[in-house]
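J.: Got a structure for you, input.cif, holding mmCIF, C-alpha atoms.
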```
data_target
#
loop_
_atom_site.label_atom_id
_atom_site.label_comp_id
_atom_site.auth_asym_id
_atom_site.auth_seq_id
_atom_site.Cartn_x
_atom_site.Cartn_y
_atom_site.Cartn_z
CA MET K 7 148.51 -38.23 -208.03
CA SER K 8 145.06 -38.92 -206.66
CA SER K 9 142.16 -36.52 -206.82
CA LYS K 10 142.22 -36.19 -203.02
CA GLY K 11 145.29 -34.09 -202.52
CA GLU K 12 148.33 -34.14 -204.75
CA CYS K 13 146.94 -33.09 -208.13
CA VAL K 14 147.35 -29.44 -209.10
CA LYS K 15 143.91 -28.28 -210.11
CA TYR K 16 143.54 -26.13 -213.16
CA LYS K 17 143.49 -22.41 -212.55
CA GLU K 18 144.29 -19.50 -214.84
CA SER K 19 146.97 -18.15 -212.51
CA SER K 20 148.99 -21.37 -212.65
CA VAL K 21 152.40 -21.19 -214.33
CA LEU K 22 151.67 -24.54 -215.98
CA SER K 23 148.48 -23.28 -217.60
CA THR K 24 148.44 -22.96 -221.38
CA LYS K 25 147.17 -19.38 -220.97
CA ASN K 26 150.34 -18.27 -219.16
CA LEU K 27 153.08 -19.26 -221.58
CA GLU K 28 154.76 -15.87 -221.31
CA LYS K 29 155.08 -16.30 -217.52
CA PHE K 30 156.57 -19.80 -217.63
CA SER K 31 159.98 -20.56 -216.17
CA TRP K 32 161.42 -23.75 -214.70
CA LYS K 33 162.04 -22.16 -211.31
CA LYS K 34 158.51 -20.74 -211.05
CA ALA K 35 156.96 -24.07 -212.08
CA TYR K 36 159.14 -25.98 -209.60
CA LYS K 37 158.23 -23.58 -206.79
CA GLU K 38 154.53 -23.93 -207.57
CA LEU K 39 154.74 -27.73 -207.65
CA LYS K 40 156.51 -27.80 -204.26
CA GLN K 41 153.63 -25.80 -202.78
CA THR K 42 150.72 -27.63 -204.42
CA CYS K 43 151.97 -31.24 -204.58
CA PRO K 44 155.01 -31.49 -202.30
CA LEU K 45 154.94 -35.30 -201.90
CA VAL K 46 155.07 -36.02 -205.63
CA THR K 47 157.72 -33.36 -206.14
CA GLU K 48 159.90 -34.76 -203.36
CA LEU K 49 159.45 -38.28 -204.76
CA MET K 50 160.51 -37.18 -208.24
CA LEU K 51 163.43 -35.27 -206.77
CA LEU K 52 164.52 -38.36 -204.86
CA ILE K 53 164.32 -40.54 -207.99
CA ALA K 54 166.14 -38.03 -210.22
CA GLY K 55 168.81 -37.18 -207.66
CA ASN K 56 168.82 -34.23 -205.33
CA LYS K 57 170.50 -31.75 -207.67
CA SER K 58 169.40 -28.33 -208.86
CA LYS K 59 170.12 -29.31 -212.48
CA GLN K 60 167.34 -31.89 -212.29
CA ILE K 61 164.60 -29.25 -211.91
CA PRO K 62 163.59 -29.18 -215.64
CA ARG K 63 163.36 -32.98 -215.70
CA ILE K 64 161.27 -33.10 -212.54
CA VAL K 65 158.91 -30.41 -213.77
CA SER K 66 158.59 -32.12 -217.16
CA ARG K 67 157.68 -35.47 -215.62
CA ILE K 68 155.03 -34.00 -213.34
CA ALA K 69 153.76 -31.81 -216.18
CA ILE K 70 153.13 -34.94 -218.29
CA LEU K 71 151.02 -36.44 -215.49
CA LEU K 72 149.12 -33.16 -215.03
CA PHE K 73 148.49 -32.87 -218.77
CA ASN K 74 146.94 -36.36 -218.77
CA ARG K 75 144.62 -35.31 -215.94
CA ASN K 76 143.80 -31.84 -217.30
CA SER K 77 144.58 -30.75 -220.86
CA GLN K 78 144.52 -27.11 -219.74
CA MET K 79 147.68 -27.70 -217.73
CA GLY K 80 149.79 -28.00 -220.86
CA ALA K 81 152.27 -25.12 -220.79
CA ILE K 82 155.28 -27.38 -221.38
CA GLN K 83 153.43 -29.29 -224.10
CA SER K 84 152.55 -26.01 -225.80
CA ILE K 85 156.16 -24.84 -225.64
CA ASN K 86 157.28 -28.12 -227.20
CA ASN K 87 154.63 -27.64 -229.90
CA ILE K 88 155.94 -24.19 -230.76
CA LEU K 89 159.55 -25.42 -230.94
CA MET K 90 158.53 -28.32 -233.16
CA PHE K 91 156.43 -26.07 -235.38
CA ARG K 92 159.35 -23.68 -235.76
CA ASP K 93 161.65 -26.50 -236.91
CA HIS K 94 159.04 -27.85 -239.39
CA ILE K 95 158.67 -31.23 -237.69
CA ARG K 96 156.46 -33.75 -239.51
CA THR K 97 152.90 -34.25 -238.25
CA LYS K 98 153.60 -37.92 -237.50
CA VAL K 99 156.05 -36.83 -234.81
CA TYR K 100 153.31 -34.74 -233.18
CA THR K 101 151.10 -37.84 -233.01
CA THR K 102 153.84 -39.95 -231.43
CA PHE K 103 154.86 -37.30 -228.89
CA ASN K 104 151.22 -36.57 -228.07
CA ARG K 105 150.69 -40.20 -227.05
CA ALA K 106 153.65 -39.87 -224.69
CA GLY K 107 152.28 -36.63 -223.24
CA LEU K 108 155.23 -34.56 -224.50
CA CYS K 109 153.15 -32.27 -226.72
CA SER K 110 149.61 -31.65 -227.91
CA SER K 111 148.22 -32.12 -231.41
CA TYR K 112 149.43 -30.39 -234.58
CA LYS K 113 146.24 -28.32 -234.78
CA SER K 114 146.86 -27.12 -231.23
CA SER K 115 150.35 -25.94 -232.20
CA ILE K 116 148.86 -23.82 -235.01
CA ARG K 117 146.40 -22.33 -232.53
CA HIS K 118 149.19 -21.50 -230.07
CA VAL K 119 151.27 -19.85 -232.80
CA ASP K 120 148.28 -17.76 -233.88
CA GLN K 121 147.71 -16.64 -230.29
CA ILE K 122 151.36 -15.62 -229.89
CA CYS K 123 151.39 -13.72 -233.20
CA GLN K 124 148.09 -11.98 -232.49
CA ASN K 125 149.70 -9.06 -230.64
CA PHE K 126 153.18 -9.35 -232.17
CA ASP K 127 152.78 -6.10 -234.15
CA GLN K 128 150.98 -4.23 -231.38
CA PRO K 129 154.00 -2.01 -230.44
CA VAL K 130 154.35 -0.92 -234.07
CA ARG K 131 150.60 -0.28 -234.34
CA ASN K 132 150.67 1.87 -231.21
CA TRP K 133 153.64 3.81 -232.59
CA ALA K 134 151.85 4.34 -235.94
CA ASN K 135 148.74 5.63 -234.15
CA ARG K 136 150.82 8.10 -232.15
CA VAL K 137 152.54 9.32 -235.33
CA ALA K 138 149.20 9.72 -237.12
CA SER K 139 147.63 11.65 -234.25
CA HIS K 140 150.75 13.85 -233.96
CA TYR K 141 150.73 14.83 -237.64
CA THR K 142 146.94 15.32 -237.66
CA LYS K 143 147.27 17.75 -234.76
CA LYS K 144 150.08 19.67 -236.48
CA LEU K 145 148.13 19.84 -239.72
CA LYS K 146 145.12 21.32 -237.94
CA GLU K 147 147.35 23.92 -236.27
CA THR K 148 148.82 25.09 -239.59
CA ALA K 149 145.69 24.80 -241.72
CA HIS K 150 144.46 28.32 -240.88
CA LEU K 151 147.74 29.84 -242.11
CA VAL K 152 147.12 28.86 -245.75
CA ARG K 153 145.94 31.80 -247.83
CA HIS K 154 145.58 32.80 -251.46
CA LYS K 155 148.52 34.43 -253.18
CA THR K 156 148.10 38.17 -253.80
CA GLU K 157 150.37 41.03 -254.79
CA ASP K 158 151.09 41.80 -251.15
CA THR K 159 151.34 38.27 -249.77
CA SER K 160 152.96 35.12 -251.09
CA ASN K 161 151.32 31.82 -250.45
CA LYS K 162 153.35 29.18 -248.60
CA MET K 163 153.29 25.45 -249.24
CA HIS K 164 151.74 23.55 -246.39
CA ASN K 165 152.29 20.08 -247.78
CA LEU K 166 152.14 17.59 -244.92
CA VAL K 167 155.48 15.97 -245.75
CA HIS K 168 157.51 19.03 -246.75
CA ALA K 169 156.15 21.31 -244.05
CA LEU K 170 156.25 18.94 -241.10
CA ALA K 171 158.78 16.20 -241.93
CA VAL K 172 161.76 16.54 -239.60
CA GLN K 173 164.38 13.94 -238.90
CA ASP K 174 163.70 12.00 -235.69
CA ARG K 175 160.59 14.05 -234.95
CA VAL K 176 158.88 10.97 -233.54
CA SER K 177 160.96 8.88 -231.16
CA ALA K 178 161.14 5.12 -231.71
CA ASP K 179 162.94 4.38 -228.45
CA ASP K 180 160.04 2.32 -227.11
CA LEU K 181 160.17 -0.14 -230.00
CA GLU K 182 162.10 -3.33 -229.39
CA GLU K 183 165.18 -3.77 -231.55
CA CYS K 184 165.88 -7.35 -230.51
CA VAL K 185 162.62 -8.82 -231.82
CA THR K 186 163.34 -10.75 -235.01
CA GLN K 187 160.82 -10.42 -237.82
CA ALA K 188 161.65 -13.86 -239.24
CA ASP K 189 164.27 -16.57 -239.14
CA ILE K 190 166.55 -15.80 -242.09
CA LEU K 191 167.18 -19.50 -242.62
CA THR K 192 163.48 -20.02 -243.38
CA ILE K 193 163.37 -17.29 -246.07
CA PRO K 194 163.95 -18.77 -249.56
CA ASN K 195 166.68 -17.36 -251.80
CA GLU K 196 164.03 -16.43 -254.36
CA ALA K 197 162.90 -13.65 -252.02
CA PHE K 198 166.25 -11.85 -252.52
CA LEU K 199 167.29 -12.81 -256.06
CA PRO K 200 165.71 -11.17 -259.16
CA SER K 201 163.13 -13.29 -260.93
CA LYS K 202 162.87 -13.96 -264.67
CA GLU K 203 160.23 -11.23 -264.92
CA ASP K 204 162.61 -8.78 -263.26
CA TYR K 205 165.38 -9.62 -265.74
CA THR K 206 162.97 -9.22 -268.66
CA GLN K 207 161.81 -5.81 -267.47
CA LEU K 208 165.37 -4.62 -266.82
CA ASN K 209 166.41 -5.80 -270.27
CA GLN K 210 163.62 -3.79 -271.91
CA GLU K 211 164.50 -0.62 -269.97
CA TYR K 212 168.23 -0.97 -270.65
CA ASN K 213 167.52 -1.37 -274.37
CA ILE K 214 165.87 2.05 -274.36
CA LEU K 215 168.79 3.62 -272.49
CA ILE K 216 171.33 2.02 -274.83
CA GLN K 217 169.46 3.36 -277.86
CA ARG K 218 169.72 6.90 -276.50
CA VAL K 219 173.47 6.56 -275.90
CA LEU K 220 174.06 5.19 -279.39
CA VAL K 221 172.23 7.94 -281.30
CA GLU K 222 173.85 10.64 -279.17
CA ASN K 223 177.45 9.43 -279.52
CA ILE K 224 177.63 7.74 -282.93
CA ILE K 225 177.38 10.20 -285.80
CA GLU K 226 176.15 7.59 -288.27
CA LEU K 227 173.11 6.91 -286.05
CA THR K 228 172.05 10.52 -285.41
CA LYS K 229 169.44 10.26 -288.17
CA CYS K 230 167.72 7.50 -286.18
CA LYS K 231 166.80 9.76 -283.25
CA GLU K 232 163.19 9.90 -284.34
CA PHE K 233 162.89 6.16 -283.76
CA VAL K 234 164.32 6.29 -280.23
CA ILE K 235 162.04 6.38 -277.19
CA TYR K 236 163.10 9.18 -274.86
CA HIS K 237 160.60 8.29 -272.15
CA ILE K 238 160.51 4.79 -270.74
CA PRO K 239 156.95 3.49 -271.28
CA TYR K 240 154.75 3.26 -268.21
CA GLN K 241 151.09 2.76 -267.40
CA PHE K 242 149.90 6.19 -268.65
CA SER K 243 152.34 6.72 -271.55
CA LYS K 244 149.56 7.15 -274.12
CA GLU K 245 147.63 9.66 -272.03
CA SER K 246 150.74 11.79 -271.39
CA ARG K 247 151.52 12.38 -275.07
#
```
What does the file become when written as structure tokens?

T.:
Amino acid sequence: MSSKGECVKYKESSVLSTKNLEKFSWKKAYKELKQTCPLVTELMLLIAGNKSKQIPRIVSRIAILLFNRNSQMGAIQSINNILMFRDHIRTKVYTTFNRAGLCSSYKSSIRHVDQICQNFDQPVRNWANRVASHYTKKLKETAHLVRHKTEDTSNKMHNLVHALAVQDRVSADDLEECVTQADILTIPNEAFLPSKEDYTQLNQEYNILIQRVLVENIIELTKCKEFVIYHIPYQFSKESR
């Protein structure tokens, strides 16, 4: 692939560019290679065997050569990085594969993941902004109706939640339901199971509840009611007495 003709020069519109990962597909990349470097593509097709199933292999081989010429033409390498990062591959494997042109460095994979996750929550943010603007508008419309209670008029509650909360008031149809928040296999069991602190707190609260039941149902313990706590302690227990 000499600099005279066959090399695909870097351009942001290229399917093989690292900036167009979301547009990448084997068919698009193969079509682009046939237009920009037809001789190399035909040679690779001849070596691999003239079969449609060989397209990913042909594209991968040419992509390795392009990546060695121009690091910006690393869409396939970036995709491999993301797959390796997702499966928690050791950094030594990145180094070995990088020498073979199959992927970029480990630091590059972190950068690619950060770029992909940058706008991951954007649909939810847009939805939240629409909800906020909707409720703000409704609150302004009803604010002038609030008045002081008199003998002739009764004041109405215009609490934002109680006055305006209606089931399915804001549609969520435009939010994607198929987007996974996380791979469940990567979430540790400790995230679902109660911790030692949780068991300790539950034990303390149940002790208080058991004390109440005992003094209410066992006659011999009725004289001990004054020692029983009838309000579970919380942050402002002393101030509320």

J.: Mind giving me the straight-line distance from CA of Met50 in chain K to CA of Arg67 in chain K in Å, one decimal?

T.: 8.1 Å

J.: Given the file above and the PyMOL selection byres ((chain K and resi 107) around 8), which residues are selected, and can you give them as a list of chain:residue names?

T.: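 That expression, the PyMOL selection byres ((chain K and resi 107) around 8), corresponds here to K:Ile70, K:Leu71, K:Phe73, K:Asn74, K:Gln83, K:Phe103, K:Asn104, K:Arg105, K:Ala106, K:Leu108, K:Cys109, K:Ser110.
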
J.: Which residues, protein or nucleic acid, reach to within 10 Å of (144.3, -28.2, -220.4) in the file's coordinates when using all atoms listed in the file, and can you give that as number ranges by chain?

T.: K: 16-17, 22-25, 72-81, 83, 110

J.: Based on the selection just made, write C-alpha atoms of those residues as a PDB file, in the coordinates of the input.

T.:
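The file below, selection-v3.pdb, is the result:
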```pdb
ATOM      1  CA  TYR K  16     143.540 -26.130-213.160  1.00  0.00           C
ATOM      2  CA  LYS K  17     143.490 -22.410-212.550  1.00  0.00           C
ATOM      3  CA  LEU K  22     151.670 -24.540-215.980  1.00  0.00           C
ATOM      4  CA  SER K  23     148.480 -23.280-217.600  1.00  0.00           C
ATOM      5  CA  THR K  24     148.440 -22.960-221.380  1.00  0.00           C
ATOM      6  CA  LYS K  25     147.170 -19.380-220.970  1.00  0.00           C
ATOM      7  CA  LEU K  72     149.120 -33.160-215.030  1.00  0.00           C
ATOM      8  CA  PHE K  73     148.490 -32.870-218.770  1.00  0.00           C
ATOM      9  CA  ASN K  74     146.940 -36.360-218.770  1.00  0.00           C
ATOM     10  CA  ARG K  75     144.620 -35.310-215.940  1.00  0.00           C
ATOM     11  CA  ASN K  76     143.800 -31.840-217.300  1.00  0.00           C
ATOM     12  CA  SER K  77     144.580 -30.750-220.860  1.00  0.00           C
ATOM     13  CA  GLN K  78     144.520 -27.110-219.740  1.00  0.00           C
ATOM     14  CA  MET K  79     147.680 -27.700-217.730  1.00  0.00           C
ATOM     15  CA  GLY K  80     149.790 -28.000-220.860  1.00  0.00           C
ATOM     16  CA  ALA K  81     152.270 -25.120-220.790  1.00  0.00           C
ATOM     17  CA  GLN K  83     153.430 -29.290-224.100  1.00  0.00           C
ATOM     18  CA  SER K 110     149.610 -31.650-227.910  1.00  0.00           C
TER      19      SER K 110
END
```

J.: CA of Met90 in chain K and CA of Ser115 in chain K, how far apart in Å?

T.: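 Computing it gives 8.6 Å between the two atoms.
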
J.: So what do you get for CA of Phe91 in chain K versus CA of Lys113 in chain K, distance-wise?

T.: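 For CA of Phe91 in chain K relative to CA of Lys113 in chain K, the distance reads 10.5 Å.
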
J.: For range 224-227 of chain K, what centre and edge lengths in Å (one decimal) does the axis-aligned box get once 6 Å is added on each side of all its listed atoms, as lines of an AutoDock Vina configuration file?

T.:
```
center_x = 175.4
center_y = 8.6
center_z = -285.6
size_x = 16.5
size_y = 15.3
size_z = 17.3
```

J.: Nearest to Ser84 in chain K among K:Val99, K:Ala197, K:Ile122, K:Val221, with distances taken over only C-alpha atoms: which residue is it?

T.: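 When distances to Ser84 in chain K are compared using only C-alpha atoms, the smallest one comes from K:Ile122.
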
J.: Go through K:Val119, K:Ile68, K:Phe30, K:Asn87 and flag the residue nearest Leu49 in chain K, using all atoms listed in the file for the distances.

T.: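 Using all atoms listed in the file, Leu49 in chain K sits closest to K:Ile68.
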
J.: Let me make sure I understand: among K:Ile214, K:Ile116, K:Ala69, K:Ile224, which one has the smallest atom-to-atom distance to His94 in chain K if we use all atoms listed in the file?

T.: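 Using all atoms listed in the file, the shortest distance to His94 in chain K belongs to K:Ile116.
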
J.: With the file shown as input, list the residues that the PyMOL selection byres ((chain K and resi 234-241) around 7) selects, as a JSON list (two decimals) with C-alpha atoms, in the coordinates of the input.

T.:
```json
[["chain", "number", "residue", "atom", "x", "y", "z"],
["K", 211, "GLU", "CA", 164.50, -0.62, -269.97],
["K", 214, "ILE", "CA", 165.87, 2.05, -274.36],
["K", 217, "GLN", "CA", 169.46, 3.36, -277.86],
["K", 218, "ARG", "CA", 169.72, 6.90, -276.50],
["K", 230, "CYS", "CA", 167.72, 7.50, -286.18],
["K", 231, "LYS", "CA", 166.80, 9.76, -283.25],
["K", 232, "GLU", "CA", 163.19, 9.90, -284.34],
["K", 233, "PHE", "CA", 162.89, 6.16, -283.76],
["K", 242, "PHE", "CA", 149.90, 6.19, -268.65],
["K", 243, "SER", "CA", 152.34, 6.72, -271.55]]
```

J.: Identify the residues within 7 Å of coordinate (164.6, -25.4, -209.6) (same frame as the file), considering all atoms listed in the file, and give the answer as JSON, numbers by chain.

T.: {"K": [32, 33, 36, 58, 61]}
